[in-house]
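Okay, final_19.cif is below, mmCIF, C-alpha atoms and all ligand atoms:
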data_start
loop_
_atom_site.label_atom_id
_atom_site.label_comp_id
_atom_site.auth_asym_id
_atom_site.auth_seq_id
_atom_site.Cartn_x
_atom_site.Cartn_y
_atom_site.Cartn_z
CA MET A 1 -22.76 8.06 1.93
CA SER A 2 -21.22 9.66 5.03
CA LEU A 3 -19.76 7.84 8.01
CA ALA A 4 -19.52 9.39 11.47
CA ILE A 5 -17.96 7.81 14.54
CA ARG A 6 -18.39 9.69 17.78
CA ASN A 7 -16.58 9.06 21.05
CA LEU A 8 -16.30 5.30 20.37
CA VAL A 9 -14.73 3.39 23.28
CA LEU A 10 -14.11 -0.37 23.28
CA GLU A 11 -13.02 -2.32 26.35
CA ARG A 12 -12.64 -5.84 27.60
CA PRO A 13 -15.16 -6.96 30.25
CA ASP A 14 -12.43 -6.53 32.92
CA GLY A 15 -12.21 -2.84 32.00
CA VAL A 16 -8.94 -3.02 30.05
CA HIS A 17 -9.00 -0.31 27.41
CA LEU A 18 -8.80 -1.47 23.77
CA LEU A 19 -9.77 1.49 21.57
CA GLY A 20 -10.83 5.11 21.83
CA PRO A 21 -12.21 7.54 22.52
CA LEU A 22 -12.34 7.76 18.74
CA ASP A 23 -13.98 10.33 16.47
CA LEU A 24 -13.92 9.92 12.71
CA ASP A 25 -15.76 11.53 9.81
CA LEU A 26 -15.85 10.41 6.21
CA ALA A 27 -17.80 12.54 3.75
CA PRO A 28 -19.31 10.95 0.59
CA GLY A 29 -16.65 10.16 -2.00
CA ASN A 30 -13.75 10.95 0.34
CA ARG A 31 -10.64 8.82 0.95
CA LEU A 32 -9.47 8.33 4.53
CA GLY A 33 -6.51 6.19 5.61
CA VAL A 34 -6.37 4.63 9.09
CA VAL A 35 -2.77 3.74 9.84
CA GLY A 36 -1.16 1.80 12.68
CA GLU A 37 0.73 -1.34 13.52
CA SER A 38 -0.66 -4.61 14.75
CA GLY A 39 -2.49 -4.07 18.05
CA SER A 40 -3.22 -0.39 17.34
CA GLY A 41 -6.98 -1.02 17.18
CA LYS A 42 -7.47 -0.95 13.39
CA THR A 43 -9.08 -4.37 13.18
CA LEU A 44 -11.40 -3.66 16.11
CA LEU A 45 -12.48 -0.48 14.36
CA VAL A 46 -13.41 -2.44 11.22
CA ARG A 47 -15.28 -5.02 13.27
CA ALA A 48 -17.19 -2.27 15.12
CA LEU A 49 -18.28 -0.84 11.75
CA PHE A 50 -19.75 -4.17 10.70
CA GLY A 51 -21.25 -5.08 14.09
CA LEU A 52 -18.80 -7.97 14.39
CA LEU A 53 -16.96 -7.26 17.63
CA PRO A 54 -15.28 -10.43 18.90
CA ALA A 55 -16.52 -12.13 22.06
CA GLY A 56 -14.90 -10.41 25.03
CA VAL A 57 -14.95 -6.92 23.49
CA ARG A 58 -17.70 -4.49 24.40
CA GLN A 59 -18.61 -1.04 23.24
CA VAL A 60 -18.89 1.03 26.40
CA ARG A 61 -19.49 4.41 24.77
CA GLY A 62 -20.04 6.14 21.49
CA SER A 63 -21.85 5.66 18.23
CA VAL A 64 -21.30 4.76 14.61
CA ALA A 65 -23.68 6.30 12.07
CA LEU A 66 -24.04 5.90 8.31
CA GLN A 67 -25.81 8.74 6.55
CA GLY A 68 -26.91 9.99 9.98
CA ARG A 69 -28.53 6.65 10.94
CA PRO A 70 -26.96 4.76 13.86
CA LEU A 71 -25.72 1.27 13.09
CA ALA A 72 -27.39 -1.28 15.28
CA GLY A 73 -27.12 -5.03 15.62
CA PRO A 74 -25.20 -7.59 13.64
CA GLU A 75 -26.98 -6.93 10.30
CA PRO A 76 -24.40 -5.80 7.70
CA PRO A 77 -25.14 -2.14 6.97
CA PRO A 78 -26.43 -1.51 3.42
CA GLY A 79 -24.17 0.62 1.28
CA LEU A 80 -21.03 -0.39 3.17
CA ALA A 81 -18.76 -3.17 1.88
CA TRP A 82 -15.62 -4.83 3.19
CA VAL A 83 -12.52 -5.89 1.27
CA PRO A 84 -10.72 -8.34 3.57
CA GLN A 85 -7.07 -8.56 4.46
CA ASP A 86 -6.41 -12.14 3.43
CA PRO A 87 -8.31 -13.32 0.35
CA GLY A 88 -6.86 -16.80 0.87
CA GLN A 89 -8.90 -17.04 4.07
CA ALA A 90 -11.86 -14.95 2.98
CA LEU A 91 -12.64 -17.07 -0.09
CA ASN A 92 -14.16 -20.49 0.45
CA PRO A 93 -11.87 -23.11 -1.16
CA LEU A 94 -14.91 -25.23 -2.08
CA LEU A 95 -16.74 -22.50 -4.01
CA THR A 96 -16.04 -21.35 -7.57
CA VAL A 97 -15.41 -17.74 -8.56
CA GLY A 98 -18.96 -17.58 -9.98
CA GLN A 99 -20.48 -18.88 -6.74
CA HIS A 100 -18.53 -16.30 -4.75
CA LEU A 101 -19.69 -13.48 -7.03
CA ALA A 102 -23.32 -14.57 -6.80
CA LEU A 103 -23.28 -14.73 -3.00
CA LEU A 104 -23.84 -11.11 -1.91
CA PRO A 105 -26.38 -10.21 -4.65
CA TRP A 106 -28.44 -13.16 -3.39
CA VAL A 107 -28.05 -12.30 0.31
CA PHE A 108 -28.76 -8.58 -0.06
CA ARG A 109 -31.02 -8.41 -3.10
CA LYS A 110 -32.37 -11.91 -3.59
CA GLU A 111 -30.93 -11.63 -7.09
CA ALA A 112 -30.42 -15.06 -8.67
CA ALA A 113 -27.00 -16.04 -10.02
CA ARG A 114 -28.31 -16.20 -13.61
CA GLN A 115 -29.13 -12.49 -13.36
CA ALA A 116 -26.24 -11.37 -11.14
CA LEU A 117 -23.39 -12.95 -13.13
CA PRO A 118 -24.23 -11.32 -16.49
CA ARG A 119 -24.70 -8.01 -14.67
CA LEU A 120 -21.25 -8.36 -13.09
CA ARG A 121 -19.40 -9.18 -16.36
CA PRO A 122 -18.44 -5.54 -17.09
CA LEU A 123 -17.17 -5.23 -13.51
CA LEU A 124 -14.91 -8.28 -13.99
CA ALA A 125 -13.52 -6.77 -17.17
CA ARG A 126 -12.97 -3.46 -15.35
CA LEU A 127 -11.04 -5.32 -12.65
CA ARG A 128 -8.92 -6.97 -15.36
CA LEU A 129 -10.31 -10.39 -14.58
CA PRO A 130 -11.39 -12.86 -17.29
CA GLU A 131 -15.16 -12.93 -17.79
CA ASP A 132 -15.43 -16.31 -19.50
CA ARG A 133 -17.16 -19.37 -18.06
CA ALA A 134 -13.88 -21.19 -17.49
CA PHE A 135 -12.77 -18.43 -15.11
CA LEU A 136 -16.11 -18.43 -13.28
CA ARG A 137 -15.65 -22.17 -12.72
CA ARG A 138 -12.21 -21.83 -11.14
CA ARG A 139 -11.68 -22.26 -7.43
CA PRO A 140 -9.54 -19.92 -5.28
CA HIS A 141 -6.41 -22.13 -5.38
CA GLN A 142 -6.42 -21.86 -9.19
CA LEU A 143 -6.06 -18.06 -9.04
CA SER A 144 -3.00 -15.85 -8.53
CA GLY A 145 -2.77 -13.78 -5.32
CA GLY A 146 -3.68 -10.62 -7.25
CA GLN A 147 -6.67 -12.34 -8.90
CA ARG A 148 -7.93 -13.59 -5.52
CA GLN A 149 -7.77 -10.05 -4.13
CA ARG A 150 -9.58 -8.67 -7.20
CA VAL A 151 -12.29 -11.33 -6.83
CA CYS A 152 -12.76 -10.07 -3.25
CA LEU A 153 -12.96 -6.53 -4.62
CA ALA A 154 -15.54 -7.66 -7.21
CA MET A 155 -17.59 -9.28 -4.42
CA ALA A 156 -17.42 -6.06 -2.38
CA LEU A 157 -18.60 -4.03 -5.40
CA SER A 158 -21.26 -6.54 -6.48
CA CYS A 159 -24.10 -4.69 -4.73
CA ASP A 160 -22.93 -1.17 -5.69
CA PRO A 161 -21.82 0.13 -2.27
CA ALA A 162 -21.23 3.80 -1.63
CA LEU A 163 -18.48 3.19 0.88
CA LEU A 164 -15.69 0.60 0.94
CA VAL A 165 -13.70 -0.51 3.94
CA LEU A 166 -10.36 -1.82 2.67
CA ASP A 167 -8.89 -3.84 5.53
CA GLU A 168 -5.15 -4.16 4.77
CA PRO A 169 -6.14 -5.42 1.30
CA THR A 170 -2.57 -5.62 0.02
CA ALA A 171 -1.01 -7.37 3.03
CA ALA A 172 -0.44 -10.56 1.02
CA LEU A 173 0.75 -8.81 -2.18
CA ASP A 174 4.24 -7.79 -3.30
CA ARG A 175 5.09 -4.14 -3.95
CA GLY A 176 4.24 -4.22 -7.68
CA ALA A 177 0.87 -5.91 -7.12
CA THR A 178 0.17 -3.52 -4.21
CA GLU A 179 0.69 -0.47 -6.41
CA ALA A 180 -1.42 -1.97 -9.21
CA PHE A 181 -4.24 -2.71 -6.73
CA ARG A 182 -4.00 0.79 -5.22
CA ASP A 183 -4.20 2.42 -8.68
CA LEU A 184 -7.18 0.25 -9.62
CA VAL A 185 -9.05 1.21 -6.42
CA LEU A 186 -8.33 4.89 -7.07
CA GLU A 187 -9.69 4.61 -10.64
CA LEU A 188 -12.85 2.90 -9.34
CA GLN A 189 -13.20 5.49 -6.60
CA ARG A 190 -13.21 8.28 -9.19
CA GLU A 191 -15.52 6.46 -11.62
CA ARG A 192 -18.06 5.41 -8.99
CA ARG A 193 -17.62 8.35 -6.59
CA LEU A 194 -16.94 5.83 -3.86
CA GLY A 195 -15.84 6.81 -0.41
CA PHE A 196 -13.30 4.55 1.24
CA LEU A 197 -11.57 3.83 4.49
CA TRP A 198 -8.18 2.25 3.80
CA ILE A 199 -6.80 0.42 6.84
CA THR A 200 -3.05 -0.28 6.69
CA HIS A 201 0.25 -0.29 8.57
CA ASP A 202 1.99 1.35 5.58
CA LEU A 203 1.95 5.13 5.93
CA ASP A 204 3.44 5.67 2.47
CA LEU A 205 0.75 3.52 0.83
CA ALA A 206 -2.03 5.27 2.78
CA GLY A 207 -0.55 8.64 1.87
CA ALA A 208 -0.56 7.76 -1.83
CA ALA A 209 -4.16 6.48 -1.74
CA CYS A 210 -5.91 8.89 0.66
CA GLU A 211 -6.59 12.58 1.14
CA ARG A 212 -6.61 12.44 4.93
CA LEU A 213 -4.97 10.11 7.44
CA LEU A 214 -5.70 9.04 11.00
CA VAL A 215 -2.85 7.39 12.90
CA LEU A 216 -3.64 4.95 15.73
CA TYR A 217 -1.27 3.69 18.40
CA GLY A 218 -2.15 1.46 21.33
CA GLY A 219 -5.88 2.00 20.82
CA GLN A 220 -5.60 5.80 20.71
CA ALA A 221 -5.80 8.22 17.82
CA VAL A 222 -2.45 10.03 17.98
CA GLU A 223 -2.44 12.19 14.84
CA ALA A 224 -4.84 13.21 12.07
CA GLY A 225 -4.63 15.55 9.12
CA PRO A 226 -4.09 15.89 5.38
CA ALA A 227 -1.94 13.07 3.97
CA SER A 228 0.39 15.59 2.31
CA ARG A 229 1.24 17.11 5.72
CA LEU A 230 1.68 13.85 7.62
CA LEU A 231 4.04 12.56 4.92
CA THR A 232 6.22 15.66 5.03
CA ALA A 233 5.94 17.09 8.55
CA PRO A 234 4.54 14.57 11.07
CA ARG A 235 4.04 16.13 14.52
CA HIS A 236 3.70 12.94 16.58
CA PRO A 237 6.92 10.93 17.12
CA TYR A 238 5.06 7.71 16.34
CA THR A 239 3.92 9.03 12.96
CA ALA A 240 7.54 9.92 12.20
CA ARG A 241 8.56 6.39 13.20
CA LEU A 242 5.91 4.85 10.92
CA LEU A 243 7.03 7.05 8.06
CA ALA A 244 10.65 5.96 8.47
CA ALA A 245 9.56 2.30 8.64
CA SER A 246 7.43 2.54 5.51
CA ARG A 247 10.47 3.96 3.67
CA GLY A 248 12.70 1.13 4.90
CA GLU A 249 14.84 3.41 7.08
CA PRO A 250 16.53 1.69 10.04
CA SER A 251 15.08 2.42 13.46
CA SER A 252 16.93 2.63 16.76
CA ASP A 253 13.69 1.56 18.42
CA GLY A 254 13.56 -2.17 19.00
CA GLY A 255 10.39 -1.90 21.09
CA ILE A 256 7.03 -3.37 20.28
CA LEU A 257 3.54 -2.36 21.23
CA GLY A 258 2.66 -4.14 24.48
CA ALA A 259 -0.52 -6.11 25.18
CA PRO A 260 -3.47 -3.87 26.19
CA GLU A 261 -3.14 -4.78 29.89
CA ASP A 262 0.55 -3.82 29.89
CA ARG A 263 0.20 -0.36 28.38
CA PRO A 264 1.34 2.55 30.55
CA PRO A 265 -1.02 5.29 31.73
CA GLY A 266 -1.03 8.45 29.63
CA CYS A 267 0.60 8.27 26.22
CA PRO A 268 0.87 4.59 25.16
CA PHE A 269 3.96 5.41 23.06
CA ARG A 270 5.95 6.49 26.17
CA PRO A 271 8.11 3.33 26.48
CA ARG A 272 9.37 3.83 22.89
CA CYS A 273 9.57 7.61 22.78
CA GLY A 274 12.82 9.56 23.02
CA ARG A 275 10.87 12.75 23.88
CA ALA A 276 8.91 11.28 26.83
CA ASN A 277 8.61 13.62 29.82
CA PRO A 278 6.53 13.78 33.04
CA ALA A 279 3.66 15.54 31.22
CA CYS A 280 3.11 12.34 29.18
CA ILE A 281 2.02 10.29 32.23
CA PRO A 282 -1.53 11.69 32.68
CA PRO A 283 -3.88 11.30 29.69
CA VAL A 284 -2.68 13.49 26.81
CA SER A 285 -5.34 15.59 25.04
CA TRP A 286 -5.75 16.35 21.35
CA ARG A 287 -4.04 19.56 20.29
CA ALA A 288 -5.11 21.35 17.15
CA GLY A 289 -2.19 22.40 14.95
CA PRO A 290 -2.51 24.74 11.96
CA VAL A 291 -2.96 21.67 9.72
CA GLY A 292 -4.53 18.73 11.56
CA GLU A 293 -4.46 17.48 15.14
CA PHE A 294 -2.13 15.43 17.31
CA ARG A 295 -1.92 14.02 20.81
CA CYS A 296 1.59 14.80 22.12
CA THR A 297 3.12 16.98 24.84
CA ASP A 298 6.37 17.58 22.92
CA PRO A 299 5.53 17.40 19.22
CA LEU A 300 8.04 17.49 16.40
CA PRO A 301 8.43 20.87 14.70
CA GLY A 302 5.54 21.62 12.36
CA PRO A 303 4.27 24.17 9.89
CA ASP A 304 3.72 26.94 12.45
S1 LIG A 401 6.48 13.17 23.83
FE1 LIG A 401 5.13 12.21 25.32
S2 LIG A 401 3.08 12.44 24.46
FE2 LIG A 401 4.53 12.79 22.80
S3 LIG A 401 4.77 10.77 21.87
FE3 LIG A 401 6.42 10.99 23.34
S4 LIG A 401 5.62 10.01 25.18
FE4 LIG A 401 3.87 10.42 23.85
#

Can you dump the structure from the file as structure tokens?
Ligand code: SF4
Amino acid sequence: MSLAIRNLVLERPDGVHLLGPLDLDLAPGNRLGVVGESGSGKTLLVRALFGLLPAGVRQVRGSVALQGRPLAGPEPPPGLAWVPQDPGQALNPLLTVGQHLALLPWVFRKEAARQALPRLRPLLARLRLPEDRAFLRRRPHQLSGGQRQRVCLAMALSCDPALLVLDEPTAALDRGATEAFRDLVLELQRERRLGFLWITHDLDLAGAACERLLVLYGGQAVEAGPASRLLTAPRHPYTARLLAASRGEPSSDGGILGAPEDRPPGCPFRPRCGRANPACIPPVSWRAGPVGEFRCTDPLPGPD
């Protein structure tokens, strides 16, 4: 299943820019990472994909299409599934594991739990979760953090999607559990020929999981290209900053991304950028490099 986003622009009703213009393509079975810090627009992008834009956010331009068909309305698109950021919040504390697993097959296929649960047993085993009745009767607080996240993954896979949106799925996990989860998703991706969009603030993690990366800052796409290139020769200063942060290197930059209404005209990274110059004040266009694209008037040296 292919995903195509064209010229997507999101704003507040008062005209304050939130995201875009954004173009994004994901071919069937491909792995794309969308990387940025809090406030970069990642979460809005996920919500736009599922028709769940919050009140006070409107789509003023652009389109999102799955397999060439535009997404319309709040109906969850078939074939597309979401793995949430915080399984502690996503799972209902009153429901058992079995009730969670039976939920989406019933909603999307009208498949009863007595049929869905036996069908999903091999999936539970594949996700290294117990398949016995005692486990299906447990509630979320009786699971480890890793088990909760794998239950969310099992729910997302319960209706055999072609495309997964992984929304910071490892945010609540430690490094070891993060790597185990990443490896499991990569195995499933190969076995099921899944495409995925992995949303994260961790450039290193995205680089290890994805073929291509798109970096967002302040609601703008600032760099895109093969993961191997962005991890070795980032052209945009913000990508270089993210890379240093994901490797635990100290940063001289104590700045934070401002609220949307406080962002400067032109490049939103200007207040934090040591290379800022007068050409960064008007809107900065995409520039195609030999390997990927970036939006910067004074890029870091690259492979050209
Ligand atoms: S050099 Fe200019 S365009 Fe490039 S990141 Fe810095 S402020 Fe933005």

Notebook entry, point to check: What separation in Å, quoted to one decimal, exists between atom CA of Arg114 of chain A and atom CA of His100 of chain A?
Noted result: 13.2 Å

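Look at Glu223 of chain A: the protein and nucleic acid residues within 9 Å of it, using all atoms listed in the file and passing over chain neighbours fewer than 6 places away, are Leu213, Leu214, Val215, Leu216, Leu230, Pro234, Arg235, His236, Tyr238, Thr239, Trp286, Gly292, Glu293, Phe294, Arg295 and Cys296 of chain A.
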
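Taking only C-alpha atoms and all ligand atoms into account, the residues that come within 6 Å of ligand LIG 401 (chain A) are His236, Pro237, Cys267, Phe269, Arg270, Cys273, Arg275, Ala276, Asn277, Cys280, Cys296, Thr297, Asp298 and Pro299 of chain A.
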
Checklist line | Atom pair atom CA of Arg126 of chain A / atom CA of Val165 of chain A: separation (Å) | finding: 19.5 Å

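Around segment 196-201 of chain A, within 6 Å and counting only C-alpha atoms, the residues found are Arg31, Leu32, Gly33, Val34, Val35, Gly36, Glu37, Leu163, Leu164, Val165, Leu166, Asp167 and Glu168 of chain A, once anything fewer than 4 positions away on its own chain is removed.
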
Dump C-alpha atoms for the selected residues as a PDB file, keeping the file's coordinate frame?
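As a result, selection_10.pdb now contains:
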ATOM      1  CA  ARG A  31     -10.640   8.820   0.950  1.00  0.00           C
ATOM      2  CA  LEU A  32      -9.470   8.330   4.530  1.00  0.00           C
ATOM      3  CA  GLY A  33      -6.510   6.190   5.610  1.00  0.00           C
ATOM      4  CA  VAL A  34      -6.370   4.630   9.090  1.00  0.00           C
ATOM      5  CA  VAL A  35      -2.770   3.740   9.840  1.00  0.00           C
ATOM      6  CA  GLY A  36      -1.160   1.800  12.680  1.00  0.00           C
ATOM      7  CA  GLU A  37       0.730  -1.340  13.520  1.00  0.00           C
ATOM      8  CA  LEU A 163     -18.480   3.190   0.880  1.00  0.00           C
ATOM      9  CA  LEU A 164     -15.690   0.600   0.940  1.00  0.00           C
ATOM     10  CA  VAL A 165     -13.700  -0.510   3.940  1.00  0.00           C
ATOM     11  CA  LEU A 166     -10.360  -1.820   2.670  1.00  0.00           C
ATOM     12  CA  ASP A 167      -8.890  -3.840   5.530  1.00  0.00           C
ATOM     13  CA  GLU A 168      -5.150  -4.160   4.770  1.00  0.00           C
TER      14      GLU A 168
END

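The closest residue to Asp160 of chain A, picked from A:Thr178, A:Gln189, A:Gln147, A:Asn7 and counting all atoms listed in the file, is A:Gln189.
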
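For the residues A:Glu11, A:Asp23, A:Asp202, A:Glu111, ranking by smallest atom-to-atom distance to Leu44 of chain A using all atoms listed in the file places A:Glu11 first.
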
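Between atom CA of Leu205 of chain A and atom CA of Val151 of chain A there is a distance of 21.2 Å.
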
Please output segment 109-123 of chain A, rebuilt to include N, CA and C atoms, as a tab-separated table (two decimals), keeping the file's coordinate frame.
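Saved as selection_6.tsv:
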chain	number	residue	atom	x	y	z
A	109	ARG	N	-29.99	-8.84	-2.15
A	109	ARG	CA	-31.02	-8.41	-3.10
A	109	ARG	C	-31.93	-9.54	-3.55
A	110	LYS	N	-31.65	-10.73	-3.11
A	110	LYS	CA	-32.37	-11.91	-3.59
A	110	LYS	C	-32.30	-12.00	-5.12
A	111	GLU	N	-31.15	-11.59	-5.64
A	111	GLU	CA	-30.93	-11.63	-7.09
A	111	GLU	C	-30.31	-12.99	-7.43
A	112	ALA	N	-30.92	-13.72	-8.33
A	112	ALA	CA	-30.42	-15.06	-8.67
A	112	ALA	C	-29.11	-14.96	-9.45
A	113	ALA	N	-28.30	-16.03	-9.36
A	113	ALA	CA	-27.00	-16.04	-10.02
A	113	ALA	C	-27.13	-15.81	-11.52
A	114	ARG	N	-28.19	-16.34	-12.15
A	114	ARG	CA	-28.31	-16.20	-13.61
A	114	ARG	C	-28.55	-14.74	-14.01
A	115	GLN	N	-29.01	-13.93	-13.06
A	115	GLN	CA	-29.13	-12.49	-13.36
A	115	GLN	C	-27.88	-11.74	-12.90
A	116	ALA	N	-27.37	-12.12	-11.72
A	116	ALA	CA	-26.24	-11.37	-11.14
A	116	ALA	C	-24.97	-11.52	-11.99
A	117	LEU	N	-24.68	-12.74	-12.46
A	117	LEU	CA	-23.39	-12.95	-13.13
A	117	LEU	C	-23.29	-12.17	-14.45
A	118	PRO	N	-24.34	-12.18	-15.30
A	118	PRO	CA	-24.23	-11.32	-16.49
A	118	PRO	C	-24.10	-9.84	-16.13
A	119	ARG	N	-24.80	-9.42	-15.09
A	119	ARG	CA	-24.70	-8.01	-14.67
A	119	ARG	C	-23.27	-7.66	-14.23
A	120	LEU	N	-22.58	-8.65	-13.63
A	120	LEU	CA	-21.25	-8.36	-13.09
A	120	LEU	C	-20.13	-8.52	-14.12
A	121	ARG	N	-20.46	-8.97	-15.34
A	121	ARG	CA	-19.40	-9.18	-16.36
A	121	ARG	C	-18.58	-7.91	-16.62
A	122	PRO	N	-19.23	-6.75	-16.84
A	122	PRO	CA	-18.44	-5.54	-17.09
A	122	PRO	C	-17.53	-5.19	-15.90
A	123	LEU	N	-17.99	-5.51	-14.69
A	123	LEU	CA	-17.17	-5.23	-13.51
A	123	LEU	C	-15.91	-6.12	-13.54
